[in-house]
Amino acid sequence: PIHQRFLLSMAQMVRFRLGWSHHYGRPVAEVLLYRLKWTLALLCPALCLSTFLGLLLGCLSGRPGRNFADRIMTPLFLTIYAVPAYCLAFLLLLVFAHLGDFIPLGGMRETAYGTGVSLWDVWRHMVLPQTVLVLHATAYLYMIMRSTVRQTFRKDYVITALSKGLKPKRVLLRHVLLNALPPYVAAVAVNFGFIAGGALLVEVVFSWQGMGSLMYEAVLSRDYPILSGCFLILSLSVVFANVMADIFCAFIDPRIRDDVAAP
């Protein structure tokens, strides 16, 4: 009966037994774990770097008044964010196609099962796809941080601190930044799903042998167990990112801890 099959499949999923891939001739879990490490190698540095750049540049541009940083970076990042990640990837391919062979335009076919790969070779192949992910994610996080900082500067306690003669830099670090971090962290967690989705398309463009290329090949070969495993990992990753964001926000904001502890 269908309900028994559903319960059996859920029990197998909890034990990470996701079936057999007829296209690769291997267990689905083995294929996913191999490809997942290459996606994480591409995604984690891009997420950390874009989070730091979005925080730093957003604080610089979010200060009161139309400063020089705001005039330069806001139109630039608006333009970058308006371009889809895969289109930005194609633009980089067109640019670097005429700049020699130092930075490969694609590939990672040498990362087949059982073969070793040097860190230098991985880094060379990682430059272009990671540049696309960092630019696109930084553009979104920059706009969020800039808007949050500007709104926080209009708060009464910030105006009072400035009127007492505190330096704007100290007010930014001690008052504005701490209050702007919780919504920014929540935006990073929400953006994680979009970064992961963009990474899938970018992987296909640059032939990076990660989860994106795996899903693309699974769609072409109608390998449904592989697709189900990929969707499961993506869903768990987004849930994990949001849980970690809630924990971090509760750690840095005592108001959130008080709300959670209240009966």
# chains A, B, ... in the order shown; residues from 1 in each chain; ligands from 1
>>> select_by_dssp(residues="stretch 60-207 of chain A", states="helix (DSSP H, G or I)", output="PyMOL selection string")
chain A and resi 60-61+68-82+85-96+109-111+119-153+156-163+168-206
>>> residues_around(residues="A:Leu177", least_positions_apart="4", cutoff="12 Å", atoms="only C-alpha atoms", output="PDB file with all heavy atoms, in the first residue's frame")
ATOM      1  N   LEU A  55      28.778  43.629   4.341  1.00  0.00           N
ATOM      2  CA  LEU A  55      28.754  44.332   5.627  1.00  0.00           C
ATOM      3  C   LEU A  55      29.627  45.578   5.600  1.00  0.00           C
ATOM      4  O   LEU A  55      29.203  46.674   5.998  1.00  0.00           O
ATOM      5  CB  LEU A  55      29.223  43.372   6.724  1.00  0.00           C
ATOM      6  CG  LEU A  55      29.289  43.920   8.152  1.00  0.00           C
ATOM      7  CD1 LEU A  55      27.889  44.218   8.668  1.00  0.00           C
ATOM      8  CD2 LEU A  55      29.992  42.926   9.065  1.00  0.00           C
ATOM      9  N   LEU A  56      30.849  45.441   5.105  1.00  0.00           N
ATOM     10  CA  LEU A  56      31.789  46.561   5.095  1.00  0.00           C
ATOM     11  C   LEU A  56      31.339  47.677   4.158  1.00  0.00           C
ATOM     12  O   LEU A  56      31.253  48.856   4.555  1.00  0.00           O
ATOM     13  CB  LEU A  56      33.172  46.051   4.696  1.00  0.00           C
ATOM     14  CG  LEU A  56      34.272  47.093   4.557  1.00  0.00           C
ATOM     15  CD1 LEU A  56      34.527  47.778   5.890  1.00  0.00           C
ATOM     16  CD2 LEU A  56      35.552  46.476   4.009  1.00  0.00           C
ATOM     17  N   GLY A  58      28.382  48.139   2.806  1.00  0.00           N
ATOM     18  CA  GLY A  58      27.081  48.680   3.191  1.00  0.00           C
ATOM     19  C   GLY A  58      27.194  49.701   4.309  1.00  0.00           C
ATOM     20  O   GLY A  58      26.478  50.713   4.318  1.00  0.00           O
ATOM     21  N   CYS A  59      28.101  49.463   5.274  1.00  0.00           N
ATOM     22  CA  CYS A  59      28.323  50.439   6.341  1.00  0.00           C
ATOM     23  C   CYS A  59      28.937  51.730   5.800  1.00  0.00           C
ATOM     24  O   CYS A  59      28.577  52.830   6.232  1.00  0.00           O
ATOM     25  CB  CYS A  59      29.225  49.834   7.415  1.00  0.00           C
ATOM     26  SG  CYS A  59      28.434  48.578   8.446  1.00  0.00           S
ATOM     27  N   LEU A  60      29.864  51.601   4.855  1.00  0.00           N
ATOM     28  CA  LEU A  60      30.484  52.800   4.282  1.00  0.00           C
ATOM     29  C   LEU A  60      29.478  53.650   3.521  1.00  0.00           C
ATOM     30  O   LEU A  60      29.506  54.888   3.597  1.00  0.00           O
ATOM     31  CB  LEU A  60      31.634  52.396   3.362  1.00  0.00           C
ATOM     32  CG  LEU A  60      32.874  51.775   4.029  1.00  0.00           C
ATOM     33  CD1 LEU A  60      33.890  51.367   2.978  1.00  0.00           C
ATOM     34  CD2 LEU A  60      33.493  52.755   5.020  1.00  0.00           C
ATOM     35  N   GLY A  62      26.142  53.518   3.878  1.00  0.00           N
ATOM     36  CA  GLY A  62      24.920  53.806   4.632  1.00  0.00           C
ATOM     37  C   GLY A  62      25.022  54.986   5.558  1.00  0.00           C
ATOM     38  O   GLY A  62      24.038  55.343   6.214  1.00  0.00           O
ATOM     39  N   ARG A  63      26.193  55.607   5.666  1.00  0.00           N
ATOM     40  CA  ARG A  63      26.342  56.777   6.527  1.00  0.00           C
ATOM     41  C   ARG A  63      25.477  57.935   6.015  1.00  0.00           C
ATOM     42  O   ARG A  63      25.166  58.010   4.828  1.00  0.00           O
ATOM     43  CB  ARG A  63      27.810  57.198   6.577  1.00  0.00           C
ATOM     44  CG  ARG A  63      28.723  56.206   7.271  1.00  0.00           C
ATOM     45  CD  ARG A  63      30.167  56.591   7.104  1.00  0.00           C
ATOM     46  NE  ARG A  63      30.571  56.593   5.693  1.00  0.00           N
ATOM     47  CZ  ARG A  63      31.746  56.993   5.258  1.00  0.00           C
ATOM     48  NH1 ARG A  63      32.641  57.458   6.126  1.00  0.00           N
ATOM     49  NH2 ARG A  63      32.035  56.959   3.977  1.00  0.00           N
ATOM     50  N   MET A 145      22.343  45.930   3.697  1.00  0.00           N
ATOM     51  CA  MET A 145      23.083  46.586   4.778  1.00  0.00           C
ATOM     52  C   MET A 145      23.019  48.095   4.652  1.00  0.00           C
ATOM     53  O   MET A 145      22.878  48.809   5.666  1.00  0.00           O
ATOM     54  CB  MET A 145      24.541  46.110   4.749  1.00  0.00           C
ATOM     55  CG  MET A 145      25.321  46.501   5.993  1.00  0.00           C
ATOM     56  SD  MET A 145      24.608  45.724   7.456  1.00  0.00           S
ATOM     57  CE  MET A 145      25.550  46.533   8.756  1.00  0.00           C
ATOM     58  N   ARG A 146      23.123  48.624   3.453  1.00  0.00           N
ATOM     59  CA  ARG A 146      23.047  50.072   3.266  1.00  0.00           C
ATOM     60  C   ARG A 146      21.704  50.612   3.740  1.00  0.00           C
ATOM     61  O   ARG A 146      21.642  51.623   4.452  1.00  0.00           O
ATOM     62  CB  ARG A 146      23.256  50.406   1.783  1.00  0.00           C
ATOM     63  CG  ARG A 146      23.059  51.875   1.428  1.00  0.00           C
ATOM     64  CD  ARG A 146      23.192  52.088  -0.064  1.00  0.00           C
ATOM     65  NE  ARG A 146      22.891  53.469  -0.428  1.00  0.00           N
ATOM     66  CZ  ARG A 146      21.667  53.924  -0.670  1.00  0.00           C
ATOM     67  NH1 ARG A 146      20.619  53.098  -0.571  1.00  0.00           N
ATOM     68  NH2 ARG A 146      21.489  55.192  -1.002  1.00  0.00           N
ATOM     69  N   THR A 148      19.607  49.201   5.887  1.00  0.00           N
ATOM     70  CA  THR A 148      19.456  49.018   7.332  1.00  0.00           C
ATOM     71  C   THR A 148      20.238  50.064   8.110  1.00  0.00           C
ATOM     72  O   THR A 148      19.756  50.613   9.113  1.00  0.00           O
ATOM     73  CB  THR A 148      19.925  47.608   7.728  1.00  0.00           C
ATOM     74  OG1 THR A 148      19.212  46.635   6.953  1.00  0.00           O
ATOM     75  CG2 THR A 148      19.668  47.346   9.201  1.00  0.00           C
ATOM     76  N   VAL A 149      21.458  50.364   7.676  1.00  0.00           N
ATOM     77  CA  VAL A 149      22.279  51.370   8.360  1.00  0.00           C
ATOM     78  C   VAL A 149      21.634  52.740   8.258  1.00  0.00           C
ATOM     79  O   VAL A 149      21.596  53.512   9.237  1.00  0.00           O
ATOM     80  CB  VAL A 149      23.707  51.370   7.777  1.00  0.00           C
ATOM     81  CG1 VAL A 149      24.496  52.576   8.263  1.00  0.00           C
ATOM     82  CG2 VAL A 149      24.428  50.094   8.159  1.00  0.00           C
ATOM     83  N   ARG A 150      21.107  53.077   7.111  1.00  0.00           N
ATOM     84  CA  ARG A 150      20.473  54.391   6.944  1.00  0.00           C
ATOM     85  C   ARG A 150      19.236  54.514   7.820  1.00  0.00           C
ATOM     86  O   ARG A 150      18.975  55.574   8.399  1.00  0.00           O
ATOM     87  CB  ARG A 150      20.117  54.614   5.476  1.00  0.00           C
ATOM     88  CG  ARG A 150      21.329  54.954   4.630  1.00  0.00           C
ATOM     89  CD  ARG A 150      20.951  55.440   3.256  1.00  0.00           C
ATOM     90  NE  ARG A 150      22.151  55.951   2.586  1.00  0.00           N
ATOM     91  CZ  ARG A 150      22.365  57.222   2.305  1.00  0.00           C
ATOM     92  NH1 ARG A 150      21.490  58.125   2.674  1.00  0.00           N
ATOM     93  NH2 ARG A 150      23.463  57.594   1.691  1.00  0.00           N
ATOM     94  N   GLN A 151      18.457  53.453   7.923  1.00  0.00           N
ATOM     95  CA  GLN A 151      17.285  53.493   8.798  1.00  0.00           C
ATOM     96  C   GLN A 151      17.690  53.595  10.262  1.00  0.00           C
ATOM     97  O   GLN A 151      17.042  54.301  11.050  1.00  0.00           O
ATOM     98  CB  GLN A 151      16.431  52.254   8.570  1.00  0.00           C
ATOM     99  CG  GLN A 151      15.742  52.199   7.219  1.00  0.00           C
ATOM    100  CD  GLN A 151      14.952  50.921   7.013  1.00  0.00           C
ATOM    101  OE1 GLN A 151      14.848  50.085   7.915  1.00  0.00           O
ATOM    102  NE2 GLN A 151      14.398  50.752   5.828  1.00  0.00           N
ATOM    103  N   THR A 152      18.759  52.900  10.642  1.00  0.00           N
ATOM    104  CA  THR A 152      19.196  52.941  12.035  1.00  0.00           C
ATOM    105  C   THR A 152      19.727  54.313  12.411  1.00  0.00           C
ATOM    106  O   THR A 152      19.560  54.766  13.550  1.00  0.00           O
ATOM    107  CB  THR A 152      20.273  51.869  12.283  1.00  0.00           C
ATOM    108  OG1 THR A 152      19.795  50.601  11.821  1.00  0.00           O
ATOM    109  CG2 THR A 152      20.600  51.754  13.763  1.00  0.00           C
ATOM    110  N   PHE A 153      20.366  55.008  11.482  1.00  0.00           N
ATOM    111  CA  PHE A 153      20.886  56.348  11.759  1.00  0.00           C
ATOM    112  C   PHE A 153      19.763  57.345  12.045  1.00  0.00           C
ATOM    113  O   PHE A 153      20.017  58.411  12.627  1.00  0.00           O
ATOM    114  CB  PHE A 153      21.733  56.849  10.588  1.00  0.00           C
ATOM    115  CG  PHE A 153      23.207  56.677  10.803  1.00  0.00           C
ATOM    116  CD1 PHE A 153      23.925  55.734  10.079  1.00  0.00           C
ATOM    117  CD2 PHE A 153      23.887  57.455  11.723  1.00  0.00           C
ATOM    118  CE1 PHE A 153      25.286  55.567  10.271  1.00  0.00           C
ATOM    119  CE2 PHE A 153      25.249  57.314  11.922  1.00  0.00           C
ATOM    120  CZ  PHE A 153      25.952  56.353  11.194  1.00  0.00           C
ATOM    121  N   VAL A 158      20.328  57.080  18.222  1.00  0.00           N
ATOM    122  CA  VAL A 158      21.503  57.437  17.428  1.00  0.00           C
ATOM    123  C   VAL A 158      21.617  58.955  17.309  1.00  0.00           C
ATOM    124  O   VAL A 158      22.714  59.522  17.429  1.00  0.00           O
ATOM    125  CB  VAL A 158      21.432  56.780  16.042  1.00  0.00           C
ATOM    126  CG1 VAL A 158      22.610  57.209  15.176  1.00  0.00           C
ATOM    127  CG2 VAL A 158      21.416  55.267  16.179  1.00  0.00           C
ATOM    128  N   PRO A 168      31.095  60.185  14.694  1.00  0.00           N
ATOM    129  CA  PRO A 168      30.242  59.324  13.853  1.00  0.00           C
ATOM    130  C   PRO A 168      30.782  57.903  13.701  1.00  0.00           C
ATOM    131  O   PRO A 168      30.010  56.948  13.635  1.00  0.00           O
ATOM    132  CB  PRO A 168      30.216  60.060  12.515  1.00  0.00           C
ATOM    133  CG  PRO A 168      30.483  61.490  12.864  1.00  0.00           C
ATOM    134  CD  PRO A 168      31.426  61.447  14.032  1.00  0.00           C
ATOM    135  N   LYS A 169      32.118  57.747  13.660  1.00  0.00           N
ATOM    136  CA  LYS A 169      32.687  56.406  13.529  1.00  0.00           C
ATOM    137  C   LYS A 169      32.363  55.551  14.754  1.00  0.00           C
ATOM    138  O   LYS A 169      32.021  54.380  14.633  1.00  0.00           O
ATOM    139  CB  LYS A 169      34.196  56.497  13.332  1.00  0.00           C
ATOM    140  CG  LYS A 169      34.867  55.156  13.112  1.00  0.00           C
ATOM    141  CD  LYS A 169      36.378  55.297  12.976  1.00  0.00           C
ATOM    142  CE  LYS A 169      36.719  56.095  11.737  1.00  0.00           C
ATOM    143  NZ  LYS A 169      38.200  56.152  11.510  1.00  0.00           N
ATOM    144  N   ARG A 170      32.452  56.147  15.946  1.00  0.00           N
ATOM    145  CA  ARG A 170      32.138  55.401  17.160  1.00  0.00           C
ATOM    146  C   ARG A 170      30.647  55.079  17.235  1.00  0.00           C
ATOM    147  O   ARG A 170      30.255  53.995  17.669  1.00  0.00           O
ATOM    148  CB  ARG A 170      32.567  56.211  18.382  1.00  0.00           C
ATOM    149  CG  ARG A 170      32.374  55.455  19.696  1.00  0.00           C
ATOM    150  CD  ARG A 170      32.889  56.258  20.873  1.00  0.00           C
ATOM    151  NE  ARG A 170      32.717  55.509  22.114  1.00  0.00           N
ATOM    152  CZ  ARG A 170      33.040  55.979  23.317  1.00  0.00           C
ATOM    153  NH1 ARG A 170      33.559  57.196  23.433  1.00  0.00           N
ATOM    154  NH2 ARG A 170      32.846  55.243  24.386  1.00  0.00           N
ATOM    155  N   VAL A 171      29.813  56.023  16.824  1.00  0.00           N
ATOM    156  CA  VAL A 171      28.368  55.759  16.807  1.00  0.00           C
ATOM    157  C   VAL A 171      28.041  54.634  15.840  1.00  0.00           C
ATOM    158  O   VAL A 171      27.206  53.770  16.118  1.00  0.00           O
ATOM    159  CB  VAL A 171      27.606  57.051  16.431  1.00  0.00           C
ATOM    160  CG1 VAL A 171      26.121  56.766  16.232  1.00  0.00           C
ATOM    161  CG2 VAL A 171      27.799  58.107  17.515  1.00  0.00           C
ATOM    162  N   LEU A 172      28.743  54.612  14.703  1.00  0.00           N
ATOM    163  CA  LEU A 172      28.507  53.554  13.721  1.00  0.00           C
ATOM    164  C   LEU A 172      28.873  52.184  14.275  1.00  0.00           C
ATOM    165  O   LEU A 172      28.124  51.213  14.102  1.00  0.00           O
ATOM    166  CB  LEU A 172      29.315  53.853  12.450  1.00  0.00           C
ATOM    167  CG  LEU A 172      29.274  52.805  11.345  1.00  0.00           C
ATOM    168  CD1 LEU A 172      27.866  52.659  10.790  1.00  0.00           C
ATOM    169  CD2 LEU A 172      30.250  53.164  10.223  1.00  0.00           C
ATOM    170  N   LEU A 173      30.005  52.108  14.976  1.00  0.00           N
ATOM    171  CA  LEU A 173      30.471  50.814  15.476  1.00  0.00           C
ATOM    172  C   LEU A 173      29.723  50.365  16.724  1.00  0.00           C
ATOM    173  O   LEU A 173      29.415  49.173  16.873  1.00  0.00           O
ATOM    174  CB  LEU A 173      31.978  50.885  15.763  1.00  0.00           C
ATOM    175  CG  LEU A 173      32.890  51.120  14.560  1.00  0.00           C
ATOM    176  CD1 LEU A 173      34.340  51.240  15.001  1.00  0.00           C
ATOM    177  CD2 LEU A 173      32.745  49.987  13.543  1.00  0.00           C
ATOM    178  N   LEU A 181      22.950  44.419  12.700  1.00  0.00           N
ATOM    179  CA  LEU A 181      23.406  43.061  12.427  1.00  0.00           C
ATOM    180  C   LEU A 181      22.278  42.023  12.367  1.00  0.00           C
ATOM    181  O   LEU A 181      22.293  41.176  11.472  1.00  0.00           O
ATOM    182  CB  LEU A 181      24.455  42.642  13.464  1.00  0.00           C
ATOM    183  CG  LEU A 181      25.907  43.011  13.157  1.00  0.00           C
ATOM    184  CD1 LEU A 181      26.816  42.510  14.266  1.00  0.00           C
ATOM    185  CD2 LEU A 181      26.336  42.432  11.818  1.00  0.00           C
ATOM    186  N   PRO A 182      21.316  42.008  13.299  1.00  0.00           N
ATOM    187  CA  PRO A 182      20.272  40.951  13.229  1.00  0.00           C
ATOM    188  C   PRO A 182      19.521  40.898  11.908  1.00  0.00           C
ATOM    189  O   PRO A 182      19.402  39.816  11.314  1.00  0.00           O
ATOM    190  CB  PRO A 182      19.363  41.297  14.411  1.00  0.00           C
ATOM    191  CG  PRO A 182      20.250  41.977  15.380  1.00  0.00           C
ATOM    192  CD  PRO A 182      21.204  42.790  14.547  1.00  0.00           C
ATOM    193  N   PRO A 183      18.993  42.019  11.382  1.00  0.00           N
ATOM    194  CA  PRO A 183      18.338  41.907  10.066  1.00  0.00           C
ATOM    195  C   PRO A 183      19.294  41.537   8.947  1.00  0.00           C
ATOM    196  O   PRO A 183      18.913  40.873   7.984  1.00  0.00           O
ATOM    197  CB  PRO A 183      17.733  43.302   9.842  1.00  0.00           C
ATOM    198  CG  PRO A 183      18.440  44.201  10.768  1.00  0.00           C
ATOM    199  CD  PRO A 183      18.829  43.373  11.945  1.00  0.00           C
ATOM    200  N   TYR A 184      20.558  41.948   9.081  1.00  0.00           N
ATOM    201  CA  TYR A 184      21.542  41.594   8.052  1.00  0.00           C
ATOM    202  C   TYR A 184      21.827  40.092   8.075  1.00  0.00           C
ATOM    203  O   TYR A 184      21.924  39.458   7.017  1.00  0.00           O
ATOM    204  CB  TYR A 184      22.825  42.379   8.268  1.00  0.00           C
ATOM    205  CG  TYR A 184      23.903  42.089   7.247  1.00  0.00           C
ATOM    206  CD1 TYR A 184      23.812  42.599   5.961  1.00  0.00           C
ATOM    207  CD2 TYR A 184      25.008  41.305   7.572  1.00  0.00           C
ATOM    208  CE1 TYR A 184      24.794  42.335   5.018  1.00  0.00           C
ATOM    209  CE2 TYR A 184      25.986  41.042   6.636  1.00  0.00           C
ATOM    210  CZ  TYR A 184      25.875  41.559   5.360  1.00  0.00           C
ATOM    211  OH  TYR A 184      26.851  41.286   4.429  1.00  0.00           O
ATOM    212  N   VAL A 185      21.972  39.524   9.264  1.00  0.00           N
ATOM    213  CA  VAL A 185      22.211  38.086   9.376  1.00  0.00           C
ATOM    214  C   VAL A 185      21.016  37.306   8.838  1.00  0.00           C
ATOM    215  O   VAL A 185      21.173  36.275   8.165  1.00  0.00           O
ATOM    216  CB  VAL A 185      22.509  37.713  10.838  1.00  0.00           C
ATOM    217  CG1 VAL A 185      22.567  36.200  11.013  1.00  0.00           C
ATOM    218  CG2 VAL A 185      23.825  38.334  11.288  1.00  0.00           C
ATOM    219  N   ILE A 252      23.647  37.830  19.655  1.00  0.00           N
ATOM    220  CA  ILE A 252      24.129  39.207  19.604  1.00  0.00           C
ATOM    221  C   ILE A 252      23.078  40.223  20.034  1.00  0.00           C
ATOM    222  O   ILE A 252      23.416  41.379  20.314  1.00  0.00           O
ATOM    223  CB  ILE A 252      24.622  39.565  18.188  1.00  0.00           C
ATOM    224  CG1 ILE A 252      23.467  39.488  17.175  1.00  0.00           C
ATOM    225  CG2 ILE A 252      25.774  38.680  17.776  1.00  0.00           C
ATOM    226  CD1 ILE A 252      23.858  39.914  15.786  1.00  0.00           C
ATOM    227  N   ASP A 253      21.810  39.828  20.097  1.00  0.00           N
ATOM    228  CA  ASP A 253      20.738  40.758  20.431  1.00  0.00           C
ATOM    229  C   ASP A 253      20.022  40.275  21.694  1.00  0.00           C
ATOM    230  O   ASP A 253      19.287  39.282  21.652  1.00  0.00           O
ATOM    231  CB  ASP A 253      19.746  40.877  19.274  1.00  0.00           C
ATOM    232  CG  ASP A 253      18.817  42.074  19.437  1.00  0.00           C
ATOM    233  OD1 ASP A 253      18.685  42.562  20.569  1.00  0.00           O
ATOM    234  OD2 ASP A 253      18.218  42.506  18.439  1.00  0.00           O
TER     235      ASP A 253
END
>>> atom_distance(atom1="atom CA of A:Leu78", atom2="atom CA of A:Val95")
20.8 Å
>>> residues_around(residues="A:Phe206", least_positions_apart="4", cutoff="12 Å", atoms="only C-alpha atoms", output="ChimeraX atom specification")
/A:42,85-93,103-109,125-132,199-202,210,212-213
>>> residues_around(residues="A:Thr74", least_positions_apart="6", cutoff="12 Å", atoms="only C-alpha atoms", output="list in words")
Gly54, Leu57, Gly58, Leu60, Ser61, Gly62, Arg66, Asn67, Phe68, Ile80, Tyr81, Thr138, Ala139, Tyr140, Leu141, Tyr142, Met143, Ile144, Met145, Arg146 and Ser147 of chain A
>>> atom_distance(atom1="atom CA of A:Ile226", atom2="atom CA of A:Val28")
5.9 Å
>>> atom_distance(atom1="atom CA of A:Ala29", atom2="atom CA of A:Arg17")
6.7 Å
>>> closest_atom_pairs(of="stretch 1-89 of chain A", to="stretch 214-224 of chain A", cutoff="12 Å", atoms="only C-alpha atoms", output="tab-separated table")
residue	atom	partner	partner_atom	distance
A:Leu18	CA	A:Tyr224	CA	10.5
A:Gly19	CA	A:Tyr224	CA	9.8
A:Trp20	CA	A:Asp223	CA	9.4
A:Ser21	CA	A:Asp223	CA	6.6
A:His22	CA	A:Asp223	CA	6.8
A:His23	CA	A:Asp223	CA	6.4
A:Tyr24	CA	A:Asp223	CA	9.1
A:Gly25	CA	A:Asp223	CA	10.8
A:Arg26	CA	A:Asp223	CA	11.8
A:Pro27	CA	A:Asp223	CA	12.0
A:Val28	CA	A:Asp223	CA	9.9
A:Val31	CA	A:Leu214	CA	8.8
A:Leu32	CA	A:Leu214	CA	8.3
A:Leu33	CA	A:Leu214	CA	11.3
A:Tyr34	CA	A:Leu214	CA	10.4
A:Arg35	CA	A:Leu214	CA	7.3
A:Leu36	CA	A:Leu214	CA	9.5
A:Trp38	CA	A:Leu214	CA	11.1
A:Thr39	CA	A:Leu214	CA	10.4
